[in-house]
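> The file below is target21.tsv, TSV, N, CA and C atoms:
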```tsv
chain	number	residue	atom	x	y	z
A	1	MET	N	-0.28	-40.92	10.20
A	1	MET	CA	-1.09	-39.91	9.52
A	1	MET	C	-1.97	-39.17	10.53
A	2	LYS	N	-2.59	-39.91	11.46
A	2	LYS	CA	-3.43	-39.27	12.47
A	2	LYS	C	-2.62	-38.33	13.34
A	3	THR	N	-1.39	-38.72	13.65
A	3	THR	CA	-0.54	-37.89	14.50
A	3	THR	C	-0.25	-36.55	13.82
A	4	LYS	N	0.03	-36.59	12.51
A	4	LYS	CA	0.29	-35.34	11.77
A	4	LYS	C	-0.94	-34.44	11.75
A	5	MET	N	-2.10	-35.04	11.55
A	5	MET	CA	-3.35	-34.26	11.53
A	5	MET	C	-3.61	-33.62	12.89
A	6	ILE	N	-3.40	-34.36	13.95
A	6	ILE	CA	-3.62	-33.84	15.30
A	6	ILE	C	-2.63	-32.71	15.58
A	7	LEU	N	-1.39	-32.89	15.20
A	7	LEU	CA	-0.38	-31.85	15.38
A	7	LEU	C	-0.76	-30.57	14.64
A	8	LEU	N	-1.22	-30.71	13.39
A	8	LEU	CA	-1.64	-29.54	12.62
A	8	LEU	C	-2.82	-28.84	13.29
A	9	LEU	N	-3.78	-29.59	13.79
A	9	LEU	CA	-4.93	-29.00	14.49
A	9	LEU	C	-4.48	-28.23	15.72
A	10	ILE	N	-3.53	-28.78	16.46
A	10	ILE	CA	-3.03	-28.10	17.65
A	10	ILE	C	-2.34	-26.80	17.27
A	11	VAL	N	-1.50	-26.86	16.23
A	11	VAL	CA	-0.77	-25.66	15.79
A	11	VAL	C	-1.75	-24.57	15.36
A	12	PHE	N	-2.78	-24.94	14.56
A	12	PHE	CA	-3.78	-23.96	14.13
A	12	PHE	C	-4.56	-23.41	15.31
A	13	SER	N	-4.96	-24.25	16.22
A	13	SER	CA	-5.79	-23.80	17.34
A	13	SER	C	-5.03	-22.91	18.29
A	14	LEU	N	-3.74	-23.07	18.41
A	14	LEU	CA	-2.94	-22.22	19.29
A	14	LEU	C	-2.49	-20.93	18.61
A	15	GLY	N	-2.78	-20.81	17.33
A	15	GLY	CA	-2.37	-19.60	16.60
A	15	GLY	C	-0.89	-19.55	16.32
A	16	LEU	N	-0.24	-20.70	16.28
A	16	LEU	CA	1.19	-20.73	16.05
A	16	LEU	C	1.56	-20.76	14.57
A	17	TRP	N	0.59	-20.95	13.72
A	17	TRP	CA	0.85	-20.96	12.28
A	17	TRP	C	1.19	-19.54	11.85
A	18	PRO	N	2.23	-19.34	11.06
A	18	PRO	CA	2.58	-17.97	10.66
A	18	PRO	C	1.43	-17.28	9.94
A	19	ALA	N	1.25	-16.03	10.29
A	19	ALA	CA	0.18	-15.25	9.67
A	19	ALA	C	0.49	-15.02	8.19
A	20	VAL	N	-0.51	-15.13	7.38
A	20	VAL	CA	-0.36	-14.87	5.96
A	20	VAL	C	-0.54	-13.37	5.76
A	21	VAL	N	0.48	-12.72	5.25
A	21	VAL	CA	0.42	-11.28	5.02
A	21	VAL	C	-0.03	-11.07	3.59
A	22	ARG	N	-1.15	-10.38	3.44
A	22	ARG	CA	-1.71	-10.21	2.11
A	22	ARG	C	-1.73	-8.73	1.73
A	23	ALA	N	-1.96	-8.50	0.49
A	23	ALA	CA	-2.02	-7.13	-0.02
A	23	ALA	C	-3.24	-6.42	0.58
A	24	GLU	N	-3.07	-5.16	0.90
A	24	GLU	CA	-4.15	-4.33	1.42
A	24	GLU	C	-4.41	-3.19	0.44
A	25	THR	N	-5.67	-2.82	0.28
A	25	THR	CA	-6.05	-1.74	-0.62
A	25	THR	C	-6.94	-0.75	0.11
A	26	SER	N	-6.64	0.54	-0.03
A	26	SER	CA	-7.44	1.62	0.55
A	26	SER	C	-7.73	2.65	-0.53
A	27	THR	N	-8.93	3.23	-0.47
A	27	THR	CA	-9.34	4.22	-1.47
A	27	THR	C	-9.78	5.50	-0.79
A	28	LYS	N	-9.36	6.63	-1.34
A	28	LYS	CA	-9.79	7.95	-0.87
A	28	LYS	C	-9.95	8.86	-2.08
A	29	SER	N	-10.72	9.94	-1.89
A	29	SER	CA	-10.84	10.93	-2.96
A	29	SER	C	-10.85	12.33	-2.36
A	30	SER	N	-10.31	13.27	-3.14
A	30	SER	CA	-10.24	14.66	-2.72
A	30	SER	C	-9.94	15.53	-3.93
A	31	ASN	N	-10.54	16.70	-3.99
A	31	ASN	CA	-10.26	17.69	-5.03
A	31	ASN	C	-10.29	17.11	-6.44
A	32	GLY	N	-11.26	16.25	-6.72
A	32	GLY	CA	-11.42	15.70	-8.05
A	32	GLY	C	-10.47	14.59	-8.41
A	33	VAL	N	-9.79	14.02	-7.41
A	33	VAL	CA	-8.84	12.93	-7.65
A	33	VAL	C	-9.20	11.74	-6.75
A	34	LYS	N	-9.23	10.58	-7.36
A	34	LYS	CA	-9.42	9.33	-6.61
A	34	LYS	C	-8.05	8.66	-6.50
A	35	ALA	N	-7.68	8.26	-5.28
A	35	ALA	CA	-6.40	7.60	-5.03
A	35	ALA	C	-6.66	6.23	-4.42
A	36	VAL	N	-6.04	5.22	-5.00
A	36	VAL	CA	-6.15	3.86	-4.48
A	36	VAL	C	-4.73	3.41	-4.14
A	37	LEU	N	-4.49	3.16	-2.84
A	37	LEU	CA	-3.19	2.71	-2.38
A	37	LEU	C	-3.24	1.21	-2.15
A	38	LYS	N	-2.32	0.51	-2.77
A	38	LYS	CA	-2.22	-0.94	-2.59
A	38	LYS	C	-0.83	-1.24	-2.04
A	39	THR	N	-0.79	-1.88	-0.88
A	39	THR	CA	0.49	-2.31	-0.31
A	39	THR	C	0.52	-3.83	-0.34
A	40	ASP	N	1.67	-4.37	-0.71
A	40	ASP	CA	1.86	-5.81	-0.74
A	40	ASP	C	3.16	-6.14	-0.01
A	41	PRO	N	3.07	-6.40	1.31
A	41	PRO	CA	4.28	-6.67	2.09
A	41	PRO	C	5.08	-7.87	1.56
A	42	ALA	N	4.40	-8.89	1.06
A	42	ALA	CA	5.11	-10.07	0.55
A	42	ALA	C	6.01	-9.73	-0.62
A	43	LYS	N	5.57	-8.78	-1.46
A	43	LYS	CA	6.36	-8.37	-2.62
A	43	LYS	C	7.17	-7.10	-2.36
A	44	LYS	N	7.01	-6.54	-1.14
A	44	LYS	CA	7.68	-5.29	-0.75
A	44	LYS	C	7.36	-4.16	-1.72
A	45	MET	N	6.07	-4.05	-2.10
A	45	MET	CA	5.66	-3.06	-3.09
A	45	MET	C	4.55	-2.15	-2.57
A	46	VAL	N	4.63	-0.90	-2.99
A	46	VAL	CA	3.59	0.09	-2.76
A	46	VAL	C	3.17	0.59	-4.13
A	47	ASP	N	1.88	0.54	-4.43
A	47	ASP	CA	1.33	1.03	-5.70
A	47	ASP	C	0.25	2.05	-5.40
A	48	LEU	N	0.27	3.18	-6.10
A	48	LEU	CA	-0.76	4.19	-5.98
A	48	LEU	C	-1.37	4.40	-7.36
A	49	PHE	N	-2.67	4.17	-7.45
A	49	PHE	CA	-3.41	4.36	-8.71
A	49	PHE	C	-4.20	5.64	-8.58
A	50	LEU	N	-4.04	6.55	-9.54
A	50	LEU	CA	-4.72	7.84	-9.52
A	50	LEU	C	-5.65	7.97	-10.71
A	51	SER	N	-6.83	8.55	-10.47
A	51	SER	CA	-7.76	8.82	-11.57
A	51	SER	C	-8.54	10.09	-11.27
A	52	GLU	N	-9.03	10.69	-12.35
A	52	GLU	CA	-9.81	11.93	-12.24
A	52	GLU	C	-11.25	11.60	-11.89
A	53	LEU	N	-11.85	12.49	-11.10
A	53	LEU	CA	-13.27	12.39	-10.79
A	53	LEU	C	-13.96	13.63	-11.33
A	54	PRO	N	-15.09	13.53	-11.95
A	54	PRO	CA	-15.75	12.29	-12.37
A	54	PRO	C	-15.09	11.75	-13.64
A	55	GLY	N	-15.47	10.59	-14.02
A	55	GLY	CA	-15.00	10.01	-15.27
A	55	GLY	C	-14.03	8.86	-15.13
A	56	GLY	N	-13.11	8.95	-14.21
A	56	GLY	CA	-12.19	7.84	-13.98
A	56	GLY	C	-10.98	7.77	-14.89
A	57	LYS	N	-10.68	8.85	-15.63
A	57	LYS	CA	-9.51	8.85	-16.50
A	57	LYS	C	-8.24	8.73	-15.66
A	58	GLU	N	-7.35	7.80	-16.05
A	58	GLU	CA	-6.09	7.61	-15.32
A	58	GLU	C	-5.25	8.88	-15.35
A	59	ILE	N	-4.62	9.17	-14.23
A	59	ILE	CA	-3.67	10.28	-14.15
A	59	ILE	C	-2.28	9.69	-14.32
A	60	THR	N	-1.56	10.19	-15.31
A	60	THR	CA	-0.22	9.67	-15.61
A	60	THR	C	0.86	10.74	-15.56
A	61	ASP	N	0.46	12.00	-15.39
A	61	ASP	CA	1.42	13.11	-15.47
A	61	ASP	C	1.59	13.84	-14.16
A	62	ALA	N	1.70	13.11	-13.06
A	62	ALA	CA	1.84	13.72	-11.74
A	62	ALA	C	3.21	13.39	-11.15
A	63	LYS	N	3.65	14.22	-10.22
A	63	LYS	CA	4.83	13.92	-9.41
A	63	LYS	C	4.30	13.50	-8.05
A	64	VAL	N	4.69	12.30	-7.61
A	64	VAL	CA	4.13	11.74	-6.38
A	64	VAL	C	5.25	11.36	-5.42
A	65	THR	N	5.11	11.82	-4.17
A	65	THR	CA	6.04	11.41	-3.12
A	65	THR	C	5.23	10.85	-1.95
A	66	ALA	N	5.86	9.93	-1.24
A	66	ALA	CA	5.23	9.33	-0.07
A	66	ALA	C	6.18	9.44	1.12
A	67	SER	N	5.66	9.98	2.20
A	67	SER	CA	6.39	9.99	3.46
A	67	SER	C	5.79	8.86	4.30
A	68	VAL	N	6.59	7.86	4.59
A	68	VAL	CA	6.10	6.67	5.27
A	68	VAL	C	6.64	6.65	6.70
A	69	THR	N	5.72	6.46	7.66
A	69	THR	CA	6.10	6.29	9.05
A	69	THR	C	5.91	4.82	9.41
A	70	PHE	N	6.99	4.19	9.87
A	70	PHE	CA	7.00	2.78	10.22
A	70	PHE	C	6.46	2.55	11.63
A	71	PRO	N	6.14	1.31	11.97
A	71	PRO	CA	5.62	1.02	13.32
A	71	PRO	C	6.54	1.48	14.45
A	72	ASP	N	7.85	1.51	14.21
A	72	ASP	CA	8.80	1.92	15.25
A	72	ASP	C	9.03	3.43	15.29
A	73	GLY	N	8.28	4.19	14.46
A	73	GLY	CA	8.39	5.65	14.44
A	73	GLY	C	9.37	6.18	13.41
A	74	ARG	N	10.16	5.32	12.83
A	74	ARG	CA	11.12	5.74	11.80
A	74	ARG	C	10.36	6.24	10.57
A	75	LYS	N	10.91	7.28	9.92
A	75	LYS	CA	10.27	7.84	8.72
A	75	LYS	C	11.20	7.75	7.54
A	76	VAL	N	10.61	7.56	6.37
A	76	VAL	CA	11.37	7.54	5.13
A	76	VAL	C	10.52	8.21	4.05
A	77	GLU	N	11.19	8.91	3.15
A	77	GLU	CA	10.49	9.55	2.04
A	77	GLU	C	10.85	8.82	0.75
A	78	LYS	N	9.84	8.52	-0.05
A	78	LYS	CA	10.03	7.79	-1.30
A	78	LYS	C	9.36	8.55	-2.43
A	79	ASP	N	10.05	8.63	-3.57
A	79	ASP	CA	9.40	9.09	-4.79
A	79	ASP	C	8.68	7.88	-5.36
A	80	LEU	N	7.42	8.06	-5.73
A	80	LEU	CA	6.67	6.98	-6.37
A	80	LEU	C	6.76	7.21	-7.87
A	81	ILE	N	7.36	6.27	-8.55
A	81	ILE	CA	7.66	6.38	-9.97
A	81	ILE	C	6.48	5.88	-10.79
A	82	GLY	N	6.03	6.67	-11.77
A	82	GLY	CA	4.91	6.29	-12.62
A	82	GLY	C	5.32	5.28	-13.67
A	83	MET	N	4.45	4.26	-13.83
A	83	MET	CA	4.77	3.19	-14.78
A	83	MET	C	3.50	2.45	-15.17
A	84	LYS	N	3.44	2.04	-16.42
A	84	LYS	CA	2.33	1.23	-16.89
A	84	LYS	C	2.72	-0.23	-16.77
A	85	MET	N	1.92	-1.00	-16.02
A	85	MET	CA	2.13	-2.43	-15.86
A	85	MET	C	0.86	-3.12	-16.31
A	86	GLY	N	0.93	-3.86	-17.38
A	86	GLY	CA	-0.28	-4.48	-17.92
A	86	GLY	C	-1.20	-3.41	-18.44
A	87	GLU	N	-2.44	-3.41	-17.96
A	87	GLU	CA	-3.44	-2.43	-18.40
A	87	GLU	C	-3.52	-1.19	-17.50
A	88	ALA	N	-2.86	-1.24	-16.34
A	88	ALA	CA	-3.01	-0.15	-15.36
A	88	ALA	C	-1.73	0.68	-15.25
A	89	TYR	N	-1.92	1.97	-14.98
A	89	TYR	CA	-0.80	2.89	-14.73
A	89	TYR	C	-0.80	3.18	-13.24
A	90	SER	N	0.35	2.99	-12.61
A	90	SER	CA	0.44	3.30	-11.18
A	90	SER	C	1.75	3.98	-10.86
A	91	PHE	N	1.80	4.57	-9.70
A	91	PHE	CA	3.00	5.20	-9.16
A	91	PHE	C	3.48	4.25	-8.06
A	92	MET	N	4.73	3.77	-8.17
A	92	MET	CA	5.15	2.69	-7.29
A	92	MET	C	6.59	2.84	-6.82
A	93	ASN	N	6.89	2.05	-5.78
A	93	ASN	CA	8.25	1.91	-5.28
A	93	ASN	C	8.28	0.72	-4.34
A	94	SER	N	9.47	0.28	-4.00
A	94	SER	CA	9.60	-0.82	-3.06
A	94	SER	C	9.66	-0.28	-1.64
A	95	LEU	N	9.24	-1.12	-0.69
A	95	LEU	CA	9.24	-0.72	0.72
A	95	LEU	C	9.25	-1.97	1.58
A	96	ASP	N	10.19	-2.05	2.49
A	96	ASP	CA	10.27	-3.19	3.40
A	96	ASP	C	9.21	-3.03	4.50
A	97	MET	N	8.19	-3.87	4.44
A	97	MET	CA	7.11	-3.85	5.44
A	97	MET	C	7.13	-5.14	6.25
A	98	SER	N	8.33	-5.60	6.62
A	98	SER	CA	8.45	-6.87	7.32
A	98	SER	C	8.09	-6.78	8.80
A	99	LYS	N	8.11	-5.58	9.37
A	99	LYS	CA	7.74	-5.43	10.78
A	99	LYS	C	6.22	-5.27	10.89
A	100	PRO	N	5.60	-6.04	11.76
A	100	PRO	CA	4.16	-5.88	11.94
A	100	PRO	C	3.84	-4.56	12.64
A	101	GLY	N	2.66	-4.03	12.36
A	101	GLY	CA	2.24	-2.80	13.02
A	101	GLY	C	1.61	-1.81	12.06
A	102	ARG	N	1.53	-0.57	12.53
A	102	ARG	CA	0.87	0.50	11.79
A	102	ARG	C	1.86	1.26	10.92
A	103	TYR	N	1.52	1.37	9.64
A	103	TYR	CA	2.28	2.14	8.67
A	103	TYR	C	1.42	3.31	8.22
A	104	SER	N	1.98	4.50	8.28
A	104	SER	CA	1.27	5.70	7.85
A	104	SER	C	1.90	6.21	6.56
A	105	PHE	N	1.07	6.44	5.54
A	105	PHE	CA	1.52	6.92	4.25
A	105	PHE	C	0.95	8.31	4.01
A	106	ASP	N	1.81	9.32	4.02
A	106	ASP	CA	1.40	10.68	3.68
A	106	ASP	C	1.82	10.90	2.23
A	107	ILE	N	0.83	10.96	1.36
A	107	ILE	CA	1.06	11.03	-0.09
A	107	ILE	C	0.87	12.47	-0.56
A	108	ALA	N	1.86	12.99	-1.29
A	108	ALA	CA	1.77	14.34	-1.87
A	108	ALA	C	1.81	14.20	-3.39
A	109	ILE	N	0.79	14.78	-4.04
A	109	ILE	CA	0.65	14.70	-5.49
A	109	ILE	C	0.71	16.11	-6.05
A	110	LYS	N	1.56	16.32	-7.05
A	110	LYS	CA	1.63	17.60	-7.75
A	110	LYS	C	1.28	17.35	-9.20
A	111	LYS	N	0.25	18.06	-9.66
A	111	LYS	CA	-0.22	17.89	-11.04
A	111	LYS	C	-0.78	19.21	-11.53
A	112	SER	N	-0.28	19.66	-12.67
A	112	SER	CA	-0.77	20.89	-13.31
A	112	SER	C	-0.83	22.06	-12.34
A	113	GLY	N	0.23	22.23	-11.55
A	113	GLY	CA	0.30	23.36	-10.64
A	113	GLY	C	-0.55	23.23	-9.39
A	114	LYS	N	-1.23	22.11	-9.21
A	114	LYS	CA	-2.05	21.96	-8.01
A	114	LYS	C	-1.49	20.83	-7.16
A	115	SER	N	-1.63	20.98	-5.85
A	115	SER	CA	-1.13	19.98	-4.90
A	115	SER	C	-2.29	19.33	-4.17
A	116	ILE	N	-2.21	18.03	-4.03
A	116	ILE	CA	-3.24	17.26	-3.32
A	116	ILE	C	-2.52	16.33	-2.36
A	117	LYS	N	-3.08	16.19	-1.16
A	117	LYS	CA	-2.47	15.31	-0.16
A	117	LYS	C	-3.49	14.27	0.30
A	118	PHE	N	-2.99	13.08	0.53
A	118	PHE	CA	-3.79	11.99	1.07
A	118	PHE	C	-3.01	11.35	2.22
A	119	GLU	N	-3.75	10.85	3.21
A	119	GLU	CA	-3.12	10.06	4.27
A	119	GLU	C	-3.80	8.70	4.31
A	120	PHE	N	-2.98	7.67	4.27
A	120	PHE	CA	-3.47	6.30	4.36
A	120	PHE	C	-2.81	5.63	5.55
A	121	ILE	N	-3.56	4.79	6.25
A	121	ILE	CA	-3.04	3.99	7.34
A	121	ILE	C	-3.22	2.53	6.97
A	122	GLN	N	-2.16	1.76	7.08
A	122	GLN	CA	-2.23	0.31	6.82
A	122	GLN	C	-1.70	-0.40	8.06
A	123	ASN	N	-2.43	-1.39	8.53
A	123	ASN	CA	-2.00	-2.21	9.66
A	123	ASN	C	-1.55	-3.56	9.12
A	124	ILE	N	-0.26	-3.83	9.28
A	124	ILE	CA	0.33	-5.07	8.78
A	124	ILE	C	0.42	-6.05	9.96
A	125	PRO	N	-0.20	-7.22	9.82
A	125	PRO	CA	-0.16	-8.19	10.93
A	125	PRO	C	1.22	-8.78	11.13
```
Spit out the file's structure as structure tokens when you get a sec.

Amino acid sequence: MKTKMILLLIVFSLGLWPAVVRAETSTKSSNGVKAVLKTDPAKKMVDLFLSELPGGKEITDAKVTASVTFPDGRKVEKDLIGMKMGEAYSFMNSLDMSKPGRYSFDIAIKKSGKSIKFEFIQNIP
């Protein structure tokens, strides 16, 4: 038992234990819209929650696209599909974020004839 405990302490102290990749959330606002981007590498999911400012009313009638730049410079464009999950409405899609590094999300929102853009940066360990 002592040997196992010592081995675990050595592994933790050397940083050899695999990093736990957790969901990251970023918030920005522009032109009367609040955008909350949540990335969850473990579930390979990207969720964007949109609401009106002021007031916080959920936006459900927008067309949303994301241009994602991966850590290796590769780019991909994704349509974020609107869907109600539980109590929240979000625009989502799957995305493989298995490579560590910087991911850049250029989000384009079209709603009622107006266009809004957001840029989010997520660093995945």
> Here is a test: counting only C-alpha atoms, which residue of A:Ala66, A:Ala108, A:Gly86, A:Ala35 is nearest to Glu52 of chain A?
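Once distances to Glu52 of chain A are computed over only C-alpha atoms, the minimum belongs to A:Ala35.
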> Nearest to Ser51 of chain A among A:Leu95, A:Ile121, A:Ala88, A:Leu80, with distances taken over only C-alpha atoms: which residue is it?
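Closest candidate: A:Ala88.
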> Within 12 Å of Met92 of chain A, counting only C-alpha atoms, which residues qualify if same-chain residues fewer than 3 places away don't, as a ChimeraX atom specification?
/A:36-40,44-50,63-66,78-85,88-89,95,107
> When you count only C-alpha atoms, which of these residues is closest to Ile59 of chain A: A:Arg102, A:Lys34, A:Arg74, A:Lys114?
A:Lys34
> Could you work out how far atom N of Arg22 of chain A lies from atom CA of Asp106 of chain A, giving the answer in Å with one decimal?
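Between these atoms lies a distance of 21.2 Å.
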> Given the choices A:Thr60, A:Thr69, A:Ser29, A:Ser90, which gets closest to Tyr103 of chain A if the distance is worked out from all atoms listed in the file?
A:Thr69
> Within chain A, find each residue whose DSSP state, derived from the backbone, is alpha helix (DSSP H), and express the selection as a PyMOL selection string.
chain A and resi 2-13
> Atom C of Ser67 of chain A to atom C of Ser112 of chain A: how many Å, to one decimal?
22.2 Å
> Of the candidates A:Lys43, A:Ile116, A:Asn31, A:Ala23, which shows the shortest atom-to-atom distance to Asp96 of chain A, using only C-alpha atoms?
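Closest to Asp96 of chain A, using only C-alpha atoms: A:Lys43.
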> For the structure I just gave you, how does DSSP split chain A - specifically, which residues are strand (DSSP E or B)? Reply as a ChimeraX atom specification.
/A:24-30,33-40,45-52,58,63-69,75-85,88-94,101-111,114-124
> Name the closest residue to Ser98 of chain A among the candidates A:Pro125, A:Gly113, A:Pro54, A:Gly73; distances are taken between atoms, counting all atoms listed in the file.
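Answer, going by the shortest atom-to-atom distance: A:Pro125.
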